[in-house]
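Engineer: To start, I am sharing the structure in question, which I have written as structure tokens.
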Amino acid sequence: MSLSRRLLPILLRPRGSPTRALSTAAASAAPAAAEEEAVTIKGVRISGRPLYMDMQATTPVDPRVLDAMLPFYLSRYGNPHSRTHLYGWESDAAVEEARARVASLVGADPREIFFTSGATECNNIAVKGMMRFYRDRRRHVVTTQTEHKCVLDSCRYLQQEGFEVTYLPVRSDGLVDVAQLADAIRPDTGLVSVMAVNNEIGVVQPLEEIGRICREKGVPFHTDAAQALGKIPIDVNQMGIGLMSLSAHKIYGPKGVGALYLRRRPRIRVEPQMSGGGQERGIRSGTVPTPLVVGFGAACEIAAKEMDYDHRRASMLQQRLLDGIRGQVDDIVINGSMEHRYPGNLNLSFAYVEGESLLMGLKEVAVSSGSACTSASLEPSYVLRALGVEEDMAHTSIRFGIGRFTTEEEVDRAIELTVHQVKKLRDMSPLYEMAKAGIDLKSIQPMSGIG
Amino acid sequence: MAAAAAAAPTRAEVLSLFRSLLRTGRQFSDYNIREYTRRRAADAFRENRALGDAPAAAAFADGKKQLEVAKRQAVVYSLYAPKAKSIMEMKLQ
Ligand SMILES: Cc1ncc(COP(=O)(O)O)c(C=O)c1O
């Protein structure tokens with residue numbers, strides 16, 4: 001986040017005369033013109049839009065998705081809830097077709113899919129809505145320390161209302177201990193919420209096992225699958241999922257739409273957050289945004305067809321990236337399990353460099369960091385902390401995201417830029433010099449100064 | 001759609017569709033979409049080389065639909081191309 005904030009002014013501010021826009025960029029292909037487009041800030045030259053490797057933050061919209069959406073922004077603008085004319089009917093038909101596509105990707109019945117504004121809203125309805133509905137008998141929630149902020153915040157909110165929450169720790173590889181999870185479930189536990197794929201470290205939790213435990217104990221299992229949908233196979237029945245949060249913009253769909261899966265048998269009930277016209281069978285009032293929902297449906301349909309192909313490519317590119325960096329710099333740590341991981345994520349920490357300087361040097365690569373980027377605070381990522389990553393290493397972590405449109409050349413460029421920057425910073429680092437000379441740094445000083 | 005039930009396409013028809021997809025893909029102003037279109041088309045045609053008649057006809061019909069999407073979207077992308085190009089294009093020249 002802080003990186004993109006820093007980058008925006010760079011892209012908007014051309015070198016030389018401030019009135020001269022970057023308008024030559026689009027038209028010209030000549031190398032001379034390419035030179036002119038370059039901008040320099042703080043001694044770093046940026047020559048164009050950075051290569052995008054922040055796929056966990058959001059993905060580009062697939063042109064096939066946009067193609068499906070556009071008619072609904074043009075002539076097919078009807079309210080899908082209008083019952084009296086063609087405009088309404090055609091929108092309604094499109095929404096139901098999209099619902100079927102989302103359902104099909106996760107092995108659900110279309111009647112179990114409720115469109116929302118995204119995974120944040122789904123998580124809120126699932127966690128708060130479910131507990132509120134059963135508040136008389138169920139007073140306890142089990143979740144993990146590495147959940148997305150919106151799950152953790154919903155849990156905090158429940159605590160303020162008098163519910164109890166167990167935040168399970170994770171092992172150093174990021175996985176929950178399922179035995180510990182089973183032990184945490186009490187007679188009054190109303191919900192177990194464990195995310196499918198972690199947004200920061202890409203670790204895939206053992207959903208099937210968790211689902212089995214929950215079924216045995218008669219507790220509904222909620223999973224935040226925003227980062228998993230379309231990337232790893234999901235089957236709500238096989239995995240014993242009772243509630244699931246989905247988002248379109250992580251799978252090459254539009255932002256601002258998602259879906260909540262709510263099991264019908266045995267029926268899961270939630271207290272809605274939105275009062276209103278009773279759309280989405282009362283679970284989520286408000287006019288369903290046809291173009292967004294159609295885009296979500298198209299994204300799911302494409303994901304179903306392309307999952308194997310995309311997965312093979314992500315694996316190949318992840319390996320290329322890891323080998324490329326590891327072959328040239330040492331003292332790197334991979335954050336999170338490599339074995340139980342979605343391959344479109346590679347989260348690395350670099351010892352003996354300073355986090356901020358590392359990011360500043362990677363302006364031509366759009367990536368995220370475990371450093372103080374996700375909030376205004378200076379705390380490093382709570383996810384990395386839950387893994388037991390030390391603060392200095394959390395500050396130098398970089399999350400590389402690989403997606404459907406990532407090229408080999410981009411990966412190679414990312415390697416080149418990262419290696420260059422890490423080497424440069426280490427050449428200036430007395431810590432690195434001492435470590436290479438065999439001096440145990442921990443024995444001489446606390447590491448707090450370099451965070 | 002109707003083509004799905006039709007007979008398998010001839011070799012010339014397949015090659016022509018492949019070339020059209022590549023040609024249209026090259027027209028995308030966006031570096032990543034341009035590369036993807038080329039790569040995905042090449043991989044799909046390679047994978048589908050050994051298909052029997054019926055699946056070949058279905059794949060051909062699908063390919064023709066993809067071509068129509070690509071033609072429309074290449075235009076849309078060109079209408080809204082950002083002024084600054086991807087850094088991947090700048091040094092490749
Ligand atoms: C795991 C996870 N859950 C929830 C969200 C929030 O999703 P949305 O942006 O659709 O509200 C995200 C993305 O930021 C995520 O990665």
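Order determines the names: the first chain of the structure tokens is A, the second B, and so forth; residues in each chain are numbered 1 upward, and ligands are numbered 1 upward as they are shown.
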Could you list, as a list in words, all the residues within 7 Å of ligand 1, counting only C-alpha atoms and all ligand atoms?

Structural biologist: Gln56, Ala57, Ser117, Gly118, Ala119, Thr120, Glu121, His148, Cys150, Met195, Val197, Asn198, Asn199, Asp224, Ala225, Ala226, Gln227, Ser247, Ala248, His249, Lys255, Gly256, Val257 and Gly258 of chain A

Engineer: Write a file of the just-selected residues containing N, CA, C and O atoms, as a short mmCIF file (atom, residue, chain, number, x, y, z; two decimals), in the first residue's frame.

Structural biologist:
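Once written, again37.cif looks like this:
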```
data_model
loop_
_atom_site.label_atom_id
_atom_site.label_comp_id
_atom_site.auth_asym_id
_atom_site.auth_seq_id
_atom_site.Cartn_x
_atom_site.Cartn_y
_atom_site.Cartn_z
N GLN A 56 -2.47 -10.85 -5.08
CA GLN A 56 -3.29 -11.13 -3.92
C GLN A 56 -4.08 -9.89 -3.50
O GLN A 56 -5.13 -10.00 -2.88
N ALA A 57 -3.58 -8.73 -3.85
CA ALA A 57 -4.32 -7.51 -3.56
C ALA A 57 -5.54 -7.42 -4.48
O ALA A 57 -6.66 -7.25 -4.04
N SER A 117 -21.32 -7.62 -1.71
CA SER A 117 -20.38 -6.66 -2.28
C SER A 117 -18.95 -7.18 -2.29
O SER A 117 -18.06 -6.52 -2.82
N GLY A 118 -18.71 -8.33 -1.69
CA GLY A 118 -17.35 -8.86 -1.69
C GLY A 118 -17.12 -9.74 -0.47
O GLY A 118 -18.02 -9.96 0.35
N ALA A 119 -15.90 -10.21 -0.34
CA ALA A 119 -15.59 -11.15 0.73
C ALA A 119 -15.67 -10.51 2.11
O ALA A 119 -16.00 -11.16 3.09
N THR A 120 -15.39 -9.22 2.19
CA THR A 120 -15.48 -8.54 3.48
C THR A 120 -16.91 -8.61 4.01
O THR A 120 -17.15 -8.98 5.17
N GLU A 121 -17.86 -8.30 3.15
CA GLU A 121 -19.25 -8.36 3.57
C GLU A 121 -19.65 -9.80 3.91
O GLU A 121 -20.33 -10.05 4.91
N HIS A 148 -7.95 -13.05 7.70
CA HIS A 148 -8.01 -11.70 7.15
C HIS A 148 -8.58 -10.75 8.20
O HIS A 148 -9.41 -11.14 9.01
N CYS A 150 -10.88 -8.68 8.21
CA CYS A 150 -12.34 -8.53 8.36
C CYS A 150 -12.94 -9.66 9.19
O CYS A 150 -13.96 -9.46 9.85
N MET A 195 -9.61 -19.68 7.19
CA MET A 195 -9.51 -19.30 5.79
C MET A 195 -8.92 -20.43 4.96
O MET A 195 -8.18 -21.28 5.47
N VAL A 197 -7.08 -20.12 1.71
CA VAL A 197 -5.73 -19.74 1.28
C VAL A 197 -5.42 -18.38 1.90
O VAL A 197 -6.21 -17.45 1.78
N ASN A 198 -4.27 -18.30 2.55
CA ASN A 198 -3.90 -17.05 3.21
C ASN A 198 -3.47 -16.01 2.18
O ASN A 198 -2.71 -16.32 1.25
N ASN A 199 -3.94 -14.79 2.37
CA ASN A 199 -3.62 -13.74 1.40
C ASN A 199 -2.16 -13.30 1.45
O ASN A 199 -1.60 -12.90 0.45
N ASP A 224 -13.10 -18.54 4.59
CA ASP A 224 -12.90 -17.38 3.73
C ASP A 224 -12.07 -17.88 2.55
O ASP A 224 -10.87 -18.10 2.67
N ALA A 225 -12.75 -18.06 1.42
CA ALA A 225 -12.08 -18.64 0.25
C ALA A 225 -11.79 -17.59 -0.82
O ALA A 225 -11.66 -17.92 -2.00
N ALA A 226 -11.68 -16.32 -0.39
CA ALA A 226 -11.45 -15.25 -1.36
C ALA A 226 -10.21 -15.51 -2.21
O ALA A 226 -10.20 -15.27 -3.41
N GLN A 227 -9.15 -16.04 -1.57
CA GLN A 227 -7.89 -16.27 -2.29
C GLN A 227 -7.81 -17.68 -2.87
O GLN A 227 -6.81 -18.03 -3.49
N SER A 247 -14.98 -13.75 -3.44
CA SER A 247 -14.82 -12.42 -4.00
C SER A 247 -14.46 -12.52 -5.48
O SER A 247 -13.72 -13.42 -5.87
N ALA A 248 -14.98 -11.58 -6.28
CA ALA A 248 -14.73 -11.66 -7.73
C ALA A 248 -13.38 -11.08 -8.13
O ALA A 248 -12.74 -11.56 -9.06
N HIS A 249 -12.93 -10.05 -7.39
CA HIS A 249 -11.77 -9.33 -7.91
C HIS A 249 -10.43 -10.03 -7.66
O HIS A 249 -9.38 -9.52 -8.03
N LYS A 255 -14.28 -5.60 -9.18
CA LYS A 255 -14.29 -5.28 -7.76
C LYS A 255 -15.71 -4.91 -7.32
O LYS A 255 -16.49 -4.40 -8.12
N GLY A 256 -15.99 -5.17 -6.06
CA GLY A 256 -17.30 -4.76 -5.53
C GLY A 256 -18.37 -5.81 -5.63
O GLY A 256 -19.55 -5.51 -5.47
N VAL A 257 -18.00 -7.05 -5.89
CA VAL A 257 -19.00 -8.13 -5.88
C VAL A 257 -18.36 -9.40 -5.34
O VAL A 257 -17.18 -9.67 -5.54
N GLY A 258 -19.16 -10.13 -4.61
CA GLY A 258 -18.72 -11.40 -4.06
C GLY A 258 -19.94 -12.27 -3.83
O GLY A 258 -21.05 -11.90 -4.24
#
```

Engineer: Based on only C-alpha atoms, which of the residues in chain B come within 6 Å of chain A? I want them as a PyMOL selection string.

Structural biologist: chain B and resi 32+36+83-87+90

Engineer: Output as a CSV table (one decimal) with N, CA, C and O atoms, in the first residue's frame all residues of range 156-308 of chain A that backbone DSSP marks as strand (DSSP E or B).

Structural biologist:
```
chain,number,residue,atom,x,y,z
A,164,GLU,N,-17.4,-15.3,23.2
A,164,GLU,CA,-16.0,-15.6,23.4
A,164,GLU,C,-15.4,-16.1,22.1
A,164,GLU,O,-16.1,-16.8,21.3
A,165,VAL,N,-14.1,-15.8,21.9
A,165,VAL,CA,-13.5,-16.2,20.7
A,165,VAL,C,-12.1,-16.8,21.0
A,165,VAL,O,-11.4,-16.3,21.8
A,166,THR,N,-11.8,-17.9,20.4
A,166,THR,CA,-10.5,-18.6,20.5
A,166,THR,C,-9.7,-18.3,19.2
A,166,THR,O,-10.2,-18.7,18.1
A,167,TYR,N,-8.6,-17.6,19.4
A,167,TYR,CA,-7.8,-17.3,18.2
A,167,TYR,C,-6.6,-18.4,18.2
A,167,TYR,O,-5.7,-18.2,18.9
A,168,LEU,N,-6.8,-19.4,17.4
A,168,LEU,CA,-5.8,-20.4,17.4
A,168,LEU,C,-4.4,-19.9,16.8
A,168,LEU,O,-4.4,-19.2,15.8
A,189,THR,N,-19.8,-23.9,21.1
A,189,THR,CA,-19.1,-23.3,19.9
A,189,THR,C,-20.1,-23.2,18.8
A,189,THR,O,-20.7,-24.2,18.4
A,190,GLY,N,-20.3,-22.0,18.3
A,190,GLY,CA,-21.3,-21.8,17.2
A,190,GLY,C,-20.7,-21.7,15.8
A,190,GLY,O,-21.4,-21.9,14.8
A,191,LEU,N,-19.4,-21.6,15.7
A,191,LEU,CA,-18.8,-21.4,14.4
A,191,LEU,C,-17.3,-21.7,14.5
A,191,LEU,O,-16.6,-21.3,15.5
A,192,VAL,N,-16.7,-22.4,13.5
A,192,VAL,CA,-15.3,-22.5,13.3
A,192,VAL,C,-15.0,-21.7,12.0
A,192,VAL,O,-15.6,-22.1,10.9
A,193,SER,N,-14.1,-20.7,12.0
A,193,SER,CA,-13.8,-20.0,10.8
A,193,SER,C,-12.3,-20.0,10.5
A,193,SER,O,-11.5,-19.5,11.3
A,197,VAL,N,-7.1,-20.1,1.7
A,197,VAL,CA,-5.7,-19.7,1.3
A,197,VAL,C,-5.4,-18.4,1.9
A,197,VAL,O,-6.2,-17.5,1.8
A,203,VAL,N,-0.6,-19.9,2.1
A,203,VAL,CA,-0.7,-21.3,2.7
A,203,VAL,C,-2.1,-21.8,2.6
A,203,VAL,O,-3.1,-21.1,2.9
A,204,VAL,N,-2.3,-23.0,2.2
A,204,VAL,CA,-3.6,-23.7,2.1
A,204,VAL,C,-3.9,-24.5,3.4
A,204,VAL,O,-3.1,-25.4,3.7
A,221,PHE,N,-18.8,-24.9,9.7
A,221,PHE,CA,-17.5,-24.6,9.3
A,221,PHE,C,-17.6,-23.4,8.3
A,221,PHE,O,-18.2,-23.6,7.2
A,222,HIS,N,-17.0,-22.3,8.6
A,222,HIS,CA,-17.0,-21.2,7.7
A,222,HIS,C,-15.5,-21.1,7.1
A,222,HIS,O,-14.6,-21.1,7.9
A,223,THR,N,-15.4,-20.9,5.8
A,223,THR,CA,-14.1,-20.6,5.3
A,223,THR,C,-14.1,-19.4,4.4
A,223,THR,O,-15.0,-19.2,3.6
A,224,ASP,N,-13.1,-18.5,4.6
A,224,ASP,CA,-12.9,-17.4,3.7
A,224,ASP,C,-12.1,-17.9,2.5
A,224,ASP,O,-10.9,-18.1,2.7
A,243,LEU,N,-20.5,-22.5,5.5
A,243,LEU,CA,-20.5,-21.1,5.0
A,243,LEU,C,-19.2,-20.8,4.3
A,243,LEU,O,-18.1,-21.3,4.7
A,244,MET,N,-19.3,-20.0,3.2
A,244,MET,CA,-18.0,-19.7,2.5
A,244,MET,C,-18.1,-18.3,1.9
A,244,MET,O,-19.1,-17.9,1.4
A,245,SER,N,-17.0,-17.5,2.0
A,245,SER,CA,-16.9,-16.2,1.5
A,245,SER,C,-16.1,-16.2,0.2
A,245,SER,O,-15.0,-16.7,0.2
A,246,LEU,N,-16.7,-15.5,-0.8
A,246,LEU,CA,-16.0,-15.5,-2.1
A,246,LEU,C,-16.0,-14.0,-2.6
A,246,LEU,O,-16.8,-13.2,-2.2
A,247,SER,N,-15.0,-13.8,-3.4
A,247,SER,CA,-14.8,-12.4,-4.0
A,247,SER,C,-14.5,-12.5,-5.5
A,247,SER,O,-13.7,-13.4,-5.9
A,258,GLY,N,-19.2,-10.1,-4.6
A,258,GLY,CA,-18.7,-11.4,-4.1
A,258,GLY,C,-19.9,-12.3,-3.8
A,258,GLY,O,-21.0,-11.9,-4.2
A,259,ALA,N,-19.7,-13.4,-3.2
A,259,ALA,CA,-20.9,-14.3,-2.9
A,259,ALA,C,-20.6,-15.0,-1.6
A,259,ALA,O,-19.5,-15.4,-1.3
A,260,LEU,N,-21.7,-15.2,-0.9
A,260,LEU,CA,-21.7,-16.0,0.3
A,260,LEU,C,-22.4,-17.3,0.0
A,260,LEU,O,-23.5,-17.3,-0.5
A,261,TYR,N,-21.7,-18.4,0.3
A,261,TYR,CA,-22.3,-19.7,0.2
A,261,TYR,C,-22.9,-20.0,1.6
A,261,TYR,O,-22.2,-19.9,2.6
A,262,LEU,N,-24.2,-20.4,1.6
A,262,LEU,CA,-24.8,-20.8,2.9
A,262,LEU,C,-25.5,-22.2,2.6
A,262,LEU,O,-26.4,-22.3,1.7
```

Engineer: Can you measure CA of Ala8 in chain B to CA of Ala70 in chain B for me? One decimal in Å is fine.

Structural biologist: 22.9 Å

Engineer: Please identify all polymer residues within 10 Å of Ile241 in chain A, counting only C-alpha atoms, omitting same-chain residues fewer than 3 positions from it, and present them as number ranges by chain.

Structural biologist: A: 207-208, 210-212, 214-215, 220-223, 234-238, 244, 261-263

Engineer: Determine, counting only C-alpha atoms, which protein, DNA and RNA residues have an atom within 10 Å of an atom of Leu387 in chain A; residues of the same chain fewer than 6 positions away are not included. Present the result as a list in words.

Structural biologist: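 Answer for this query is Gln145, Thr146, Pro169, Val170, Arg171, Ser172, Asp173, Gly174, Leu175, Asn335 and Gly336 of chain A.
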
Engineer: Could you save those same residues with C-alpha atoms as a PDB file, in the first residue's frame?

Structural biologist:
```pdb
ATOM      1  CA  GLN A 145      -4.565 -15.695  14.291  1.00  0.00           C
ATOM      2  CA  THR A 146      -3.799 -15.448  10.576  1.00  0.00           C
ATOM      3  CA  PRO A 169      -2.042 -19.989  16.840  1.00  0.00           C
ATOM      4  CA  VAL A 170      -0.498 -21.426  13.689  1.00  0.00           C
ATOM      5  CA  ARG A 171       2.687 -23.435  13.312  1.00  0.00           C
ATOM      6  CA  SER A 172       5.790 -21.808  11.895  1.00  0.00           C
ATOM      7  CA  ASP A 173       4.747 -23.003   8.435  1.00  0.00           C
ATOM      8  CA  GLY A 174       1.444 -21.149   8.775  1.00  0.00           C
ATOM      9  CA  LEU A 175      -0.796 -24.208   9.119  1.00  0.00           C
ATOM     10  CA  ASN A 335       7.535 -17.412   4.726  1.00  0.00           C
ATOM     11  CA  GLY A 336       4.937 -20.151   5.009  1.00  0.00           C
TER      12      GLY A 336
END
```

Engineer: Skip Arg312 in chain A itself and residues of its chain fewer than 2 positions away, then list as a list in words all residues within 12 Å of it, counting only C-alpha atoms.

Structural biologist: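 Surrounding residues, per the criterion: Lys231, Ile232, Glu306, Met307, Asp308, Tyr309, Asp310, Ala314, Ser315, Met316, Leu317, Gln318, Gln319, Tyr342, Pro343, Gly344, Ile402, Gly403 and Arg404 of chain A.
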
Engineer: Need the shell around range 42-49 of chain B: protein/DNA/RNA residues with any atom at most 8 Å away, counting only C-alpha atoms. Skip same-chain ones fewer than 3 positions apart. Format as a PDB file with all heavy atoms, in the first residue's frame?

Structural biologist:
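Result file is part_8.pdb:
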```
ATOM      1  N   PHE B  18      -6.276 -19.996 -36.086  1.00  0.00           N
ATOM      2  CA  PHE B  18      -5.095 -19.777 -35.248  1.00  0.00           C
ATOM      3  C   PHE B  18      -4.413 -18.464 -35.624  1.00  0.00           C
ATOM      4  O   PHE B  18      -4.103 -17.629 -34.776  1.00  0.00           O
ATOM      5  CB  PHE B  18      -4.139 -20.971 -35.407  1.00  0.00           C
ATOM      6  CG  PHE B  18      -2.917 -20.882 -34.559  1.00  0.00           C
ATOM      7  CD1 PHE B  18      -2.992 -20.531 -33.221  1.00  0.00           C
ATOM      8  CD2 PHE B  18      -1.660 -21.162 -35.094  1.00  0.00           C
ATOM      9  CE1 PHE B  18      -1.859 -20.457 -32.426  1.00  0.00           C
ATOM     10  CE2 PHE B  18      -0.515 -21.085 -34.304  1.00  0.00           C
ATOM     11  CZ  PHE B  18      -0.623 -20.727 -32.978  1.00  0.00           C
ATOM     12  N   ARG B  38      -1.459 -14.644 -27.196  1.00  0.00           N
ATOM     13  CA  ARG B  38      -0.564 -15.425 -28.049  1.00  0.00           C
ATOM     14  C   ARG B  38      -0.240 -16.780 -27.408  1.00  0.00           C
ATOM     15  O   ARG B  38      -0.380 -17.839 -28.028  1.00  0.00           O
ATOM     16  CB  ARG B  38       0.733 -14.641 -28.293  1.00  0.00           C
ATOM     17  CG  ARG B  38       1.760 -15.367 -29.154  1.00  0.00           C
ATOM     18  CD  ARG B  38       3.082 -14.618 -29.214  1.00  0.00           C
ATOM     19  NE  ARG B  38       3.659 -14.313 -27.917  1.00  0.00           N
ATOM     20  CZ  ARG B  38       4.198 -15.221 -27.102  1.00  0.00           C
ATOM     21  NH1 ARG B  38       4.223 -16.485 -27.456  1.00  0.00           N
ATOM     22  NH2 ARG B  38       4.693 -14.865 -25.937  1.00  0.00           N
ATOM     23  N   ARG B  39       0.148 -16.736 -26.148  1.00  0.00           N
ATOM     24  CA  ARG B  39       0.565 -17.942 -25.436  1.00  0.00           C
ATOM     25  C   ARG B  39      -0.595 -18.930 -25.297  1.00  0.00           C
ATOM     26  O   ARG B  39      -0.453 -20.109 -25.571  1.00  0.00           O
ATOM     27  CB  ARG B  39       1.054 -17.527 -24.045  1.00  0.00           C
ATOM     28  CG  ARG B  39       1.476 -18.633 -23.134  1.00  0.00           C
ATOM     29  CD  ARG B  39       2.112 -18.074 -21.879  1.00  0.00           C
ATOM     30  NE  ARG B  39       1.180 -17.413 -20.978  1.00  0.00           N
ATOM     31  CZ  ARG B  39       1.225 -16.138 -20.622  1.00  0.00           C
ATOM     32  NH1 ARG B  39       2.160 -15.352 -21.087  1.00  0.00           N
ATOM     33  NH2 ARG B  39       0.334 -15.647 -19.807  1.00  0.00           N
ATOM     34  N   ALA B  56     -12.946 -31.823 -31.688  1.00  0.00           N
ATOM     35  CA  ALA B  56     -12.260 -30.840 -32.534  1.00  0.00           C
ATOM     36  C   ALA B  56     -13.260 -29.809 -33.025  1.00  0.00           C
ATOM     37  O   ALA B  56     -12.969 -28.606 -33.046  1.00  0.00           O
ATOM     38  CB  ALA B  56     -11.579 -31.529 -33.709  1.00  0.00           C
ATOM     39  N   ALA B  59     -14.012 -27.547 -30.075  1.00  0.00           N
ATOM     40  CA  ALA B  59     -12.888 -26.656 -29.798  1.00  0.00           C
ATOM     41  C   ALA B  59     -12.815 -25.556 -30.849  1.00  0.00           C
ATOM     42  O   ALA B  59     -12.520 -24.394 -30.544  1.00  0.00           O
ATOM     43  CB  ALA B  59     -11.578 -27.449 -29.768  1.00  0.00           C
TER      44      ALA B  59
END
```

Engineer: Considering only C-alpha atoms, return as a PyMOL selection string whatever protein or nucleic-acid residues lie within 12 Å of Val69 in chain B, sequence-local ones (same chain, fewer than 2 positions apart) excluded.

Structural biologist: (chain A and resi 62-70) or (chain B and resi 21+24-25+28+37+62-67+71-77)

Engineer: In Å, rounded to a single decimal, give me how far CA of Leu105 in chain A is from CA of Phe133 in chain A.

Structural biologist: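 Result for CA of Phe133 in chain A versus CA of Leu105 in chain A: 28.1 Å, one decimal.
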
Engineer: Just how far from CA of Asp54 in chain A is CA of Ser337 in chain A, in Å to one decimal?

Structural biologist: 19.4 Å
